[in-house]
file structure-v8.cif (mmCIF, C-alpha atoms)
data_run
#
loop_
_atom_site.group_PDB
_atom_site.id
_atom_site.type_symbol
_atom_site.label_atom_id
_atom_site.label_comp_id
_atom_site.auth_asym_id
_atom_site.auth_seq_id
_atom_site.Cartn_x
_atom_site.Cartn_y
_atom_site.Cartn_z
ATOM 1 C CA MET A 1 54.465 40.812 42.397
ATOM 2 C CA SER A 2 55.542 37.195 43.000
ATOM 3 C CA LEU A 3 54.874 34.570 40.365
ATOM 4 C CA THR A 4 52.569 32.722 42.750
ATOM 5 C CA ASN A 5 50.225 35.714 42.897
ATOM 6 C CA ARG A 6 50.052 36.318 39.162
ATOM 7 C CA GLU A 7 46.840 35.602 37.300
ATOM 8 C CA LYS A 8 47.480 32.750 34.882
ATOM 9 C CA VAL A 9 46.484 33.365 31.265
ATOM 10 C CA LEU A 10 46.297 30.760 28.495
ATOM 11 C CA PHE A 11 46.816 32.121 24.966
ATOM 12 C CA ILE A 12 45.490 29.828 22.231
ATOM 13 C CA VAL A 13 46.947 31.039 18.936
ATOM 14 C CA ASN A 14 46.076 30.128 15.354
ATOM 15 C CA PRO A 15 49.184 31.286 13.451
ATOM 16 C CA THR A 16 47.490 30.964 10.028
ATOM 17 C CA SER A 17 44.408 33.133 10.689
ATOM 18 C CA GLY A 18 43.644 36.042 8.372
ATOM 19 C CA LYS A 19 46.652 38.020 7.155
ATOM 20 C CA MET A 20 48.630 36.784 10.172
ATOM 21 C CA THR A 21 49.225 40.349 11.389
ATOM 22 C CA ILE A 22 49.182 39.011 14.946
ATOM 23 C CA LYS A 23 52.675 37.569 14.349
ATOM 24 C CA ASN A 24 54.201 41.030 14.151
ATOM 25 C CA GLU A 25 52.637 42.158 17.417
ATOM 26 C CA PHE A 26 52.400 38.988 19.471
ATOM 27 C CA PHE A 27 55.608 39.410 21.472
ATOM 28 C CA LYS A 28 54.443 42.912 22.413
ATOM 29 C CA VAL A 29 51.082 41.480 23.492
ATOM 30 C CA ILE A 30 52.750 38.869 25.696
ATOM 31 C CA LYS A 31 55.070 41.481 27.186
ATOM 32 C CA LEU A 32 52.097 43.752 27.929
ATOM 33 C CA PHE A 33 50.351 41.001 29.875
ATOM 34 C CA SER A 34 53.530 40.064 31.701
ATOM 35 C CA ASP A 35 54.249 43.689 32.610
ATOM 36 C CA SER A 36 50.652 44.045 33.788
ATOM 37 C CA GLY A 37 51.039 41.278 36.362
ATOM 38 C CA PHE A 38 49.872 38.218 34.428
ATOM 39 C CA GLU A 39 51.611 34.901 33.861
ATOM 40 C CA PRO A 40 51.103 34.011 30.176
ATOM 41 C CA THR A 41 51.271 30.547 28.632
ATOM 42 C CA VAL A 42 51.066 30.105 24.843
ATOM 43 C CA LEU A 43 49.743 27.151 22.849
ATOM 44 C CA THR A 44 49.607 27.249 19.031
ATOM 45 C CA THR A 45 47.226 25.228 16.891
ATOM 46 C CA THR A 46 48.388 23.068 13.997
ATOM 47 C CA LYS A 47 45.108 21.530 12.877
ATOM 48 C CA ALA A 48 41.348 21.799 13.215
ATOM 49 C CA GLY A 49 40.120 20.816 16.664
ATOM 50 C CA ASP A 50 43.305 21.773 18.512
ATOM 51 C CA ALA A 51 41.780 24.928 20.009
ATOM 52 C CA THR A 52 38.808 22.964 21.341
ATOM 53 C CA GLN A 53 41.067 20.366 22.924
ATOM 54 C CA PHE A 54 43.371 22.990 24.472
ATOM 55 C CA ALA A 55 40.461 24.928 26.000
ATOM 56 C CA LYS A 56 38.827 21.803 27.381
ATOM 57 C CA GLU A 57 41.941 20.056 28.671
ATOM 58 C CA TYR A 58 44.005 22.989 29.956
ATOM 59 C CA GLY A 59 41.500 25.824 30.387
ATOM 60 C CA PRO A 60 40.411 24.958 33.947
ATOM 61 C CA ASN A 61 44.032 25.303 35.101
ATOM 62 C CA PHE A 62 44.082 29.009 34.161
ATOM 63 C CA ASP A 63 42.280 32.133 35.312
ATOM 64 C CA ARG A 64 41.383 33.298 31.821
ATOM 65 C CA ILE A 65 41.710 32.121 28.222
ATOM 66 C CA ILE A 66 42.563 34.344 25.258
ATOM 67 C CA SER A 67 41.801 33.457 21.651
ATOM 68 C CA CYS A 68 44.235 34.813 19.041
ATOM 69 C CA GLY A 69 42.777 34.018 15.637
ATOM 70 C CA GLY A 70 39.620 34.385 13.616
ATOM 71 C CA ASP A 71 35.977 33.558 14.254
ATOM 72 C CA GLY A 72 36.655 29.869 13.562
ATOM 73 C CA THR A 73 39.348 29.674 16.238
ATOM 74 C CA LEU A 74 37.083 31.467 18.690
ATOM 75 C CA ASN A 75 34.293 29.005 17.904
ATOM 76 C CA GLU A 76 36.569 26.071 18.660
ATOM 77 C CA ILE A 77 37.613 27.579 21.980
ATOM 78 C CA VAL A 78 34.021 28.318 22.978
ATOM 79 C CA THR A 79 33.144 24.714 22.121
ATOM 80 C CA GLY A 80 35.897 23.467 24.414
ATOM 81 C CA ILE A 81 34.794 25.756 27.233
ATOM 82 C CA MET A 82 31.137 24.764 26.840
ATOM 83 C CA GLU A 83 32.037 21.085 27.171
ATOM 84 C CA LEU A 84 33.213 21.821 30.713
ATOM 85 C CA LYS A 85 31.034 22.124 33.794
ATOM 86 C CA PRO A 86 29.875 25.729 34.357
ATOM 87 C CA GLU A 87 32.119 26.206 37.375
ATOM 88 C CA ALA A 88 35.182 25.255 35.279
ATOM 89 C CA ARG A 89 34.460 27.676 32.425
ATOM 90 C CA ARG A 90 37.023 30.452 32.450
ATOM 91 C CA PRO A 91 36.360 33.979 31.131
ATOM 92 C CA LEU A 92 37.396 34.493 27.538
ATOM 93 C CA GLY A 93 39.349 37.239 25.803
ATOM 94 C CA PHE A 94 39.546 37.733 22.049
ATOM 95 C CA ILE A 95 42.408 39.235 20.041
ATOM 96 C CA PRO A 96 41.011 39.119 16.481
ATOM 97 C CA ALA A 97 43.389 38.021 13.737
ATOM 98 C CA GLY A 98 40.954 36.674 11.153
ATOM 99 C CA THR A 99 39.641 38.100 7.890
ATOM 100 C CA THR A 100 36.211 39.417 8.906
ATOM 101 C CA ASN A 101 35.917 38.998 12.701
ATOM 102 C CA ASP A 102 32.158 39.593 12.856
ATOM 103 C CA LEU A 103 31.939 38.908 16.566
ATOM 104 C CA ALA A 104 34.795 41.311 17.315
ATOM 105 C CA ASP A 105 32.856 44.050 15.519
ATOM 106 C CA THR A 106 29.791 43.306 17.604
ATOM 107 C CA LEU A 107 31.770 43.230 20.854
ATOM 108 C CA ARG A 108 33.532 46.500 19.911
ATOM 109 C CA ILE A 109 36.892 44.757 20.264
ATOM 110 C CA PRO A 110 39.661 46.724 18.490
ATOM 111 C CA LYS A 111 41.257 45.132 15.417
ATOM 112 C CA ASN A 112 44.737 46.268 16.479
ATOM 113 C CA PRO A 113 46.261 43.439 18.597
ATOM 114 C CA MET A 114 47.742 45.750 21.238
ATOM 115 C CA ASP A 115 44.500 47.689 21.611
ATOM 116 C CA ALA A 116 42.564 44.424 21.887
ATOM 117 C CA ALA A 117 44.993 43.227 24.557
ATOM 118 C CA LYS A 118 44.537 46.446 26.534
ATOM 119 C CA ALA A 119 40.752 46.023 26.289
ATOM 120 C CA ILE A 120 41.064 42.560 27.876
ATOM 121 C CA ILE A 121 43.232 43.896 30.700
ATOM 122 C CA ASP A 122 41.185 47.033 31.392
ATOM 123 C CA ASN A 123 37.621 45.696 31.149
ATOM 124 C CA PRO A 124 35.477 43.127 32.945
ATOM 125 C CA ALA A 125 34.260 39.850 31.457
ATOM 126 C CA LEU A 126 30.528 40.121 30.765
ATOM 127 C CA PRO A 127 27.952 37.388 30.035
ATOM 128 C CA ASN A 128 27.496 36.364 26.424
ATOM 129 C CA ASP A 129 24.890 34.017 24.962
ATOM 130 C CA VAL A 130 26.010 30.869 23.144
ATOM 131 C CA GLY A 131 23.989 29.065 20.493
ATOM 132 C CA VAL A 132 23.384 25.328 20.401
ATOM 133 C CA PHE A 133 22.941 23.896 16.894
ATOM 134 C CA ASN A 134 21.034 20.598 16.715
ATOM 135 C CA ASN A 135 22.338 19.667 20.178
ATOM 136 C CA THR A 136 25.664 18.775 18.531
ATOM 137 C CA ARG A 137 27.719 21.958 18.274
ATOM 138 C CA TYR A 138 27.992 25.466 19.634
ATOM 139 C CA PHE A 139 28.178 28.819 17.880
ATOM 140 C CA ASN A 140 28.975 32.392 18.853
ATOM 141 C CA TYR A 141 27.252 34.551 16.286
ATOM 142 C CA ILE A 142 25.447 32.755 13.442
ATOM 143 C CA ALA A 143 23.901 29.621 12.030
ATOM 144 C CA SER A 144 22.532 30.147 8.533
ATOM 145 C CA CYS A 145 21.559 28.607 5.222
ATOM 146 C CA GLY A 146 20.886 29.957 1.745
ATOM 147 C CA ALA A 147 22.460 32.797 -0.210
ATOM 148 C CA PHE A 148 26.146 33.469 0.527
ATOM 149 C CA THR A 149 26.243 31.212 3.585
ATOM 150 C CA SER A 150 28.812 28.875 2.025
ATOM 151 C CA THR A 151 31.040 31.806 1.083
ATOM 152 C CA SER A 152 33.169 31.718 4.233
ATOM 153 C CA TYR A 153 34.099 28.040 4.307
ATOM 154 C CA ALA A 154 34.304 27.829 0.486
ATOM 155 C CA THR A 155 36.818 30.672 0.222
ATOM 156 C CA PRO A 156 40.404 29.319 0.076
ATOM 157 C CA GLN A 157 42.550 30.362 3.055
ATOM 158 C CA ASN A 158 45.285 31.779 0.814
ATOM 159 C CA LEU A 159 42.739 34.136 -0.777
ATOM 160 C CA LYS A 160 41.481 35.195 2.651
ATOM 161 C CA ASN A 161 45.045 35.934 3.710
ATOM 162 C CA SER A 162 45.970 37.912 0.584
ATOM 163 C CA LEU A 163 42.698 39.657 -0.298
ATOM 164 C CA GLY A 164 40.998 39.929 3.080
ATOM 165 C CA HIS A 165 37.303 40.817 3.003
ATOM 166 C CA MET A 166 37.373 41.163 -0.809
ATOM 167 C CA ALA A 167 37.910 37.395 -1.043
ATOM 168 C CA TYR A 168 34.478 36.836 0.495
ATOM 169 C CA ILE A 169 32.857 39.260 -1.923
ATOM 170 C CA LEU A 170 34.433 37.550 -4.943
ATOM 171 C CA GLU A 171 33.409 34.109 -3.708
ATOM 172 C CA GLY A 172 29.895 35.426 -3.059
ATOM 173 C CA ILE A 173 29.583 36.754 -6.606
ATOM 174 C CA LYS A 174 30.629 33.357 -7.943
ATOM 175 C CA SER A 175 27.783 31.739 -5.994
ATOM 176 C CA LEU A 176 25.054 34.047 -7.307
ATOM 177 C CA ASN A 177 24.076 31.689 -10.124
ATOM 178 C CA GLU A 178 23.663 28.871 -7.605
ATOM 179 C CA ILE A 179 21.079 30.672 -5.484
ATOM 180 C CA LYS A 180 17.705 28.998 -5.541
ATOM 181 C CA PRO A 181 14.695 29.215 -3.258
ATOM 182 C CA VAL A 182 14.096 26.649 -0.552
ATOM 183 C CA TYR A 183 10.684 25.908 0.900
ATOM 184 C CA MET A 184 11.044 26.277 4.652
ATOM 185 C CA LYS A 185 8.839 25.919 7.670
ATOM 186 C CA ILE A 186 9.912 28.083 10.611
ATOM 187 C CA GLU A 187 8.516 27.244 14.051
ATOM 188 C CA SER A 188 9.045 29.208 17.256
ATOM 189 C CA GLU A 189 7.084 30.501 20.220
ATOM 190 C CA GLU A 190 7.046 33.980 18.677
ATOM 191 C CA LEU A 191 6.367 33.188 15.010
ATOM 192 C CA ASN A 192 5.311 30.314 12.782
ATOM 193 C CA ILE A 193 5.703 30.861 9.067
ATOM 194 C CA ASP A 194 6.434 28.968 5.873
ATOM 195 C CA GLY A 195 7.251 29.768 2.272
ATOM 196 C CA GLU A 196 10.092 30.026 -0.217
ATOM 197 C CA PHE A 197 13.195 31.724 1.144
ATOM 198 C CA VAL A 198 16.680 32.431 -0.215
ATOM 199 C CA PHE A 199 18.257 33.043 3.196
ATOM 200 C CA ALA A 200 17.643 32.098 6.820
ATOM 201 C CA GLY A 201 19.957 33.208 9.595
ATOM 202 C CA VAL A 202 19.864 32.835 13.365
ATOM 203 C CA THR A 203 22.314 35.355 14.756
ATOM 204 C CA ASN A 204 23.768 37.010 17.816
ATOM 205 C CA ALA A 205 25.850 39.705 16.117
ATOM 206 C CA LEU A 206 25.612 43.073 14.405
ATOM 207 C CA SER A 207 26.998 41.926 11.066
ATOM 208 C CA VAL A 208 27.624 38.770 9.069
ATOM 209 C CA ALA A 209 30.691 38.798 6.792
ATOM 210 C CA GLY A 210 29.996 42.461 6.126
ATOM 211 C CA ILE A 211 27.074 41.479 3.892
ATOM 212 C CA TYR A 212 24.187 41.588 6.359
ATOM 213 C CA LYS A 213 23.909 44.385 8.911
ATOM 214 C CA PHE A 214 21.600 44.585 11.905
ATOM 215 C CA ASP A 215 20.280 47.571 13.806
ATOM 216 C CA PRO A 216 22.295 47.848 17.059
ATOM 217 C CA ARG A 217 19.091 48.778 18.865
ATOM 218 C CA HIS A 218 17.722 45.304 18.127
ATOM 219 C CA VAL A 219 20.737 43.243 19.225
ATOM 220 C CA ASP A 220 21.678 42.329 22.790
ATOM 221 C CA LEU A 221 24.326 39.617 23.131
ATOM 222 C CA SER A 222 23.210 38.542 26.595
ATOM 223 C CA ASP A 223 19.407 38.801 26.500
ATOM 224 C CA GLY A 224 18.820 35.073 26.017
ATOM 225 C CA THR A 225 17.378 35.488 22.522
ATOM 226 C CA PHE A 226 18.624 35.322 18.955
ATOM 227 C CA GLU A 227 17.844 37.611 16.066
ATOM 228 C CA VAL A 228 16.311 35.661 13.184
ATOM 229 C CA ILE A 229 16.351 37.083 9.659
ATOM 230 C CA LEU A 230 14.503 35.505 6.742
ATOM 231 C CA ILE A 231 14.638 36.725 3.146
ATOM 232 C CA ARG A 232 11.836 35.639 0.844
ATOM 233 C CA MET A 233 12.402 34.503 -2.716
ATOM 234 C CA PRO A 234 11.920 37.569 -4.946
ATOM 235 C CA LYS A 235 9.313 37.028 -7.653
ATOM 236 C CA ASN A 236 10.112 40.089 -9.719
ATOM 237 C CA THR A 237 12.392 43.107 -10.008
ATOM 238 C CA THR A 238 10.278 45.063 -7.542
ATOM 239 C CA ASP A 239 10.824 42.379 -4.897
ATOM 240 C CA ILE A 240 14.587 42.453 -5.486
ATOM 241 C CA VAL A 241 14.661 46.222 -5.046
ATOM 242 C CA ASP A 242 12.499 45.860 -1.945
ATOM 243 C CA ILE A 243 14.979 43.409 -0.397
ATOM 244 C CA PHE A 244 17.943 45.712 -0.922
ATOM 245 C CA VAL A 245 16.003 48.720 0.364
ATOM 246 C CA GLN A 246 14.908 46.867 3.486
ATOM 247 C CA LEU A 247 18.425 45.594 4.203
ATOM 248 C CA ALA A 248 20.021 48.973 3.536
ATOM 249 C CA ASN A 249 17.524 50.809 5.735
ATOM 250 C CA LEU A 250 17.409 48.121 8.438
ATOM 251 C CA ASP A 251 13.694 47.909 7.730
ATOM 252 C CA ASN A 252 12.068 44.834 9.291
ATOM 253 C CA SER A 253 8.505 45.421 8.146
ATOM 254 C CA GLU A 254 7.896 41.760 7.224
ATOM 255 C CA ASN A 255 7.571 42.220 3.493
ATOM 256 C CA GLN A 256 10.505 40.579 1.733
ATOM 257 C CA VAL A 257 12.689 40.624 4.856
ATOM 258 C CA ILE A 258 11.331 39.123 8.067
ATOM 259 C CA PHE A 259 13.015 39.754 11.414
ATOM 260 C CA PHE A 260 12.140 38.523 14.903
ATOM 261 C CA HIS A 261 13.670 37.487 18.244
ATOM 262 C CA THR A 262 13.486 34.013 19.744
ATOM 263 C CA LYS A 263 15.264 31.723 22.203
ATOM 264 C CA ASN A 264 14.406 28.519 20.351
ATOM 265 C CA VAL A 265 13.601 27.940 16.685
ATOM 266 C CA THR A 266 13.160 24.913 14.437
ATOM 267 C CA ILE A 267 13.639 25.242 10.684
ATOM 268 C CA THR A 268 12.477 22.443 8.397
ATOM 269 C CA CYS A 269 13.336 22.426 4.680
ATOM 270 C CA GLU A 270 11.702 20.271 2.030
ATOM 271 C CA GLU A 271 15.155 19.079 0.996
ATOM 272 C CA PRO A 272 18.578 19.024 2.695
ATOM 273 C CA VAL A 273 20.432 22.357 2.498
ATOM 274 C CA LYS A 274 23.956 23.433 3.434
ATOM 275 C CA TRP A 275 24.271 25.179 6.790
ATOM 276 C CA THR A 276 27.076 27.418 7.969
ATOM 277 C CA VAL A 277 27.930 27.671 11.680
ATOM 278 C CA ASP A 278 30.256 30.563 12.605
ATOM 279 C CA GLY A 279 31.740 30.543 9.110
ATOM 280 C CA GLU A 280 32.347 26.794 9.009
ATOM 281 C CA PHE A 281 30.400 24.040 7.247
ATOM 282 C CA GLY A 282 27.611 22.874 9.544
ATOM 283 C CA GLY A 283 26.271 19.982 7.484
ATOM 284 C CA LYS A 284 23.658 19.381 4.801
ATOM 285 C CA LEU A 285 20.399 19.040 6.713
ATOM 286 C CA ASP A 286 16.664 19.192 6.174
ATOM 287 C CA LYS A 287 15.775 20.018 9.779
ATOM 288 C CA VAL A 288 17.617 21.945 12.478
ATOM 289 C CA ASN A 289 16.824 23.126 15.970
ATOM 290 C CA ILE A 290 18.663 26.135 17.345
ATOM 291 C CA LYS A 291 18.566 27.079 21.020
ATOM 292 C CA ASN A 292 20.001 29.920 23.051
ATOM 293 C CA ASN A 293 22.148 29.159 26.079
ATOM 294 C CA PRO A 294 21.879 32.517 27.882
ATOM 295 C CA GLY A 295 24.992 34.076 29.419
ATOM 296 C CA ALA A 296 26.888 30.804 29.074
ATOM 297 C CA ILE A 297 30.338 32.382 28.702
ATOM 298 C CA ASN A 298 31.860 35.588 30.064
ATOM 299 C CA ILE A 299 33.819 37.595 27.485
ATOM 300 C CA PHE A 300 36.152 40.545 28.098
ATOM 301 C CA LYS A 301 34.957 43.515 26.059
ATOM 302 C CA PRO A 302 35.008 47.316 26.234
ATOM 303 C CA LYS A 303 32.204 48.959 28.142
ATOM 304 C CA PRO A 304 29.633 50.791 26.001
ATOM 305 C CA GLN A 305 30.414 54.462 25.704
ATOM 306 C CA GLU A 306 27.897 56.630 27.457
ATOM 307 C CA LYS A 307 26.071 58.931 25.081
ATOM 308 C CA LYS A 308 26.600 62.572 25.784
ATOM 309 C CA GLU A 309 23.453 64.572 26.350
ATOM 310 C CA GLU A 310 22.676 66.937 23.543
ATOM 311 C CA LYS A 311 22.918 70.594 24.379
ATOM 312 C CA LYS A 312 19.599 72.323 24.414
#

call {"tool": "encode", "arguments": {"input": "structure-v8.cif", "output": "structure tokens"}}
result
Amino acid sequence: MSLTNREKVLFIVNPTSGKMTIKNEFFKVIKLFSDSGFEPTVLTTTKAGDATQFAKEYGPNFDRIISCGGDGTLNEIVTGIMELKPEARRPLGFIPAGTTNDLADTLRIPKNPMDAAKAIIDNPALPNDVGVFNNTRYFNYIASCGAFTSTSYATPQNLKNSLGHMAYILEGIKSLNEIKPVYMKIESEELNIDGEFVFAGVTNALSVAGIYKFDPRHVDLSDGTFEVILIRMPKNTTDIVDIFVQLANLDNSENQVIFFHTKNVTITCEEPVKWTVDGEFGGKLDKVNIKNNPGAINIFKPKPQEKKEEKK
């Protein structure tokens, strides 16, 4: 195949993500793409915002873009792509190299770099919803406030690199004594509710930092809606047990844990609270609006495995 006929691929690499395991495999990944008929170009980030700028400035000149890093790097790239006109947005591949990689889990993207690369080569790019937070920034899988939401951006990078997921757990335990209820008013077409809550999350993923899990039957990444989870302030030991039971059993019976789908939600708090957007600090705000931009970006991901019929 001549070079002129090769599909051009832009790799945007964050060399400091996670435990940096991608470094050991990256040459193999590039060779795999080259051997498979692609023309790879590599750009590495050195500071926050680089991935956004690379995707926006250079992305339209390529046939596909591949993110090599964690959820934060992917968020930056999606932001850059979303700032382009729809016809200039290139399909996106993801080779996870971060600490938790929540979106990779949801997309069923392998953690091994070579397997993730093969998944990009062998599978089509499918529509994926993108969130819009207060009309100022984009997110892939979550915007949240309350318990544990500051854990990701508060955890030092060196701890993430050395301890992996355990670093988040340790940071979360440290924040337990800081948890306090916030009076919130939640407004959407599907549900209007208010009260004291310790957590509010607007998500498009199956898990959040390994702490919150969602029933796969209730999550569709391209249906134009988010999954909203609210956890009420427990008033006694029974309420605390109820919360853990509901979360463990994926029980959304609107007791202590409230769960619903929506394409647009406004959350107003009686005082400013810290928000997290895809694991990064989203600001200290008393009112946010979160909208779904359906199918805004196409992402390469493995096809769902067909369930085998049970033998009668």

call {"tool": "resolve_selection", "arguments": {"input": "structure-v8.cif", "expression": "the PyMOL selection byres ((chain A and resi 122-126) around 9)", "output": "ChimeraX atom specification"}}
result
/A:91-93,117-121,127-128,222,295,297-303

call {"tool": "atom_distance", "arguments": {"input": "structure-v8.cif", "atom1": "CA of Gly282 in chain A", "atom2": "CA of Tyr141 in chain A"}}
result
13.5 Å

call {"tool": "atom_distance", "arguments": {"input": "structure-v8.cif", "atom1": "CA of Arg232 in chain A", "atom2": "CA of Gly72 in chain A"}}
result
28.5 Å

call {"tool": "closest_residue", "arguments": {"input": "structure-v8.cif", "among": "A:Pro60, A:Gly279, A:Pro294, A:Pro272", "to": "Thr73 in chain A", "atoms": "all atoms listed in the file"}}
result
A:Gly279

call {"tool": "residues_around", "arguments": {"input": "structure-v8.cif", "residues": "Ile66 in chain A", "least_positions_apart": "2", "cutoff": "8 Å", "atoms": "all atoms listed in the file", "output": "mmCIF file with C-alpha atoms, keeping the file's coordinate frame"}}
result
data_model
loop_
_atom_site.group_PDB
_atom_site.id
_atom_site.type_symbol
_atom_site.label_atom_id
_atom_site.label_comp_id
_atom_site.auth_asym_id
_atom_site.auth_seq_id
_atom_site.Cartn_x
_atom_site.Cartn_y
_atom_site.Cartn_z
ATOM 1 C CA VAL A 9 46.484 33.365 31.265
ATOM 2 C CA LEU A 10 46.297 30.760 28.495
ATOM 3 C CA PHE A 11 46.816 32.121 24.966
ATOM 4 C CA ILE A 12 45.490 29.828 22.231
ATOM 5 C CA ARG A 64 41.383 33.298 31.821
ATOM 6 C CA CYS A 68 44.235 34.813 19.041
ATOM 7 C CA LEU A 92 37.396 34.493 27.538
ATOM 8 C CA GLY A 93 39.349 37.239 25.803
ATOM 9 C CA PHE A 94 39.546 37.733 22.049
ATOM 10 C CA ILE A 95 42.408 39.235 20.041
#

call {"tool": "resolve_selection", "arguments": {"input": "structure-v8.cif", "expression": "the PyMOL selection byres ((chain A and resi 267) around 12)", "output": "number ranges by chain"}}
result
A: 133-134, 143-145, 182-188, 191-195, 197, 199-202, 228, 230, 264-266, 268-273, 275, 285-291

call {"tool": "atom_distance", "arguments": {"input": "structure-v8.cif", "atom1": "CA of Val78 in chain A", "atom2": "CA of Asp50 in chain A"}}
result
12.2 Å

call {"tool": "closest_residue", "arguments": {"input": "structure-v8.cif", "among": "A:Pro113, A:Pro96, A:Gly69, A:Gly80", "to": "Asn24 in chain A", "atoms": "all atoms listed in the file"}}
result
A:Pro113
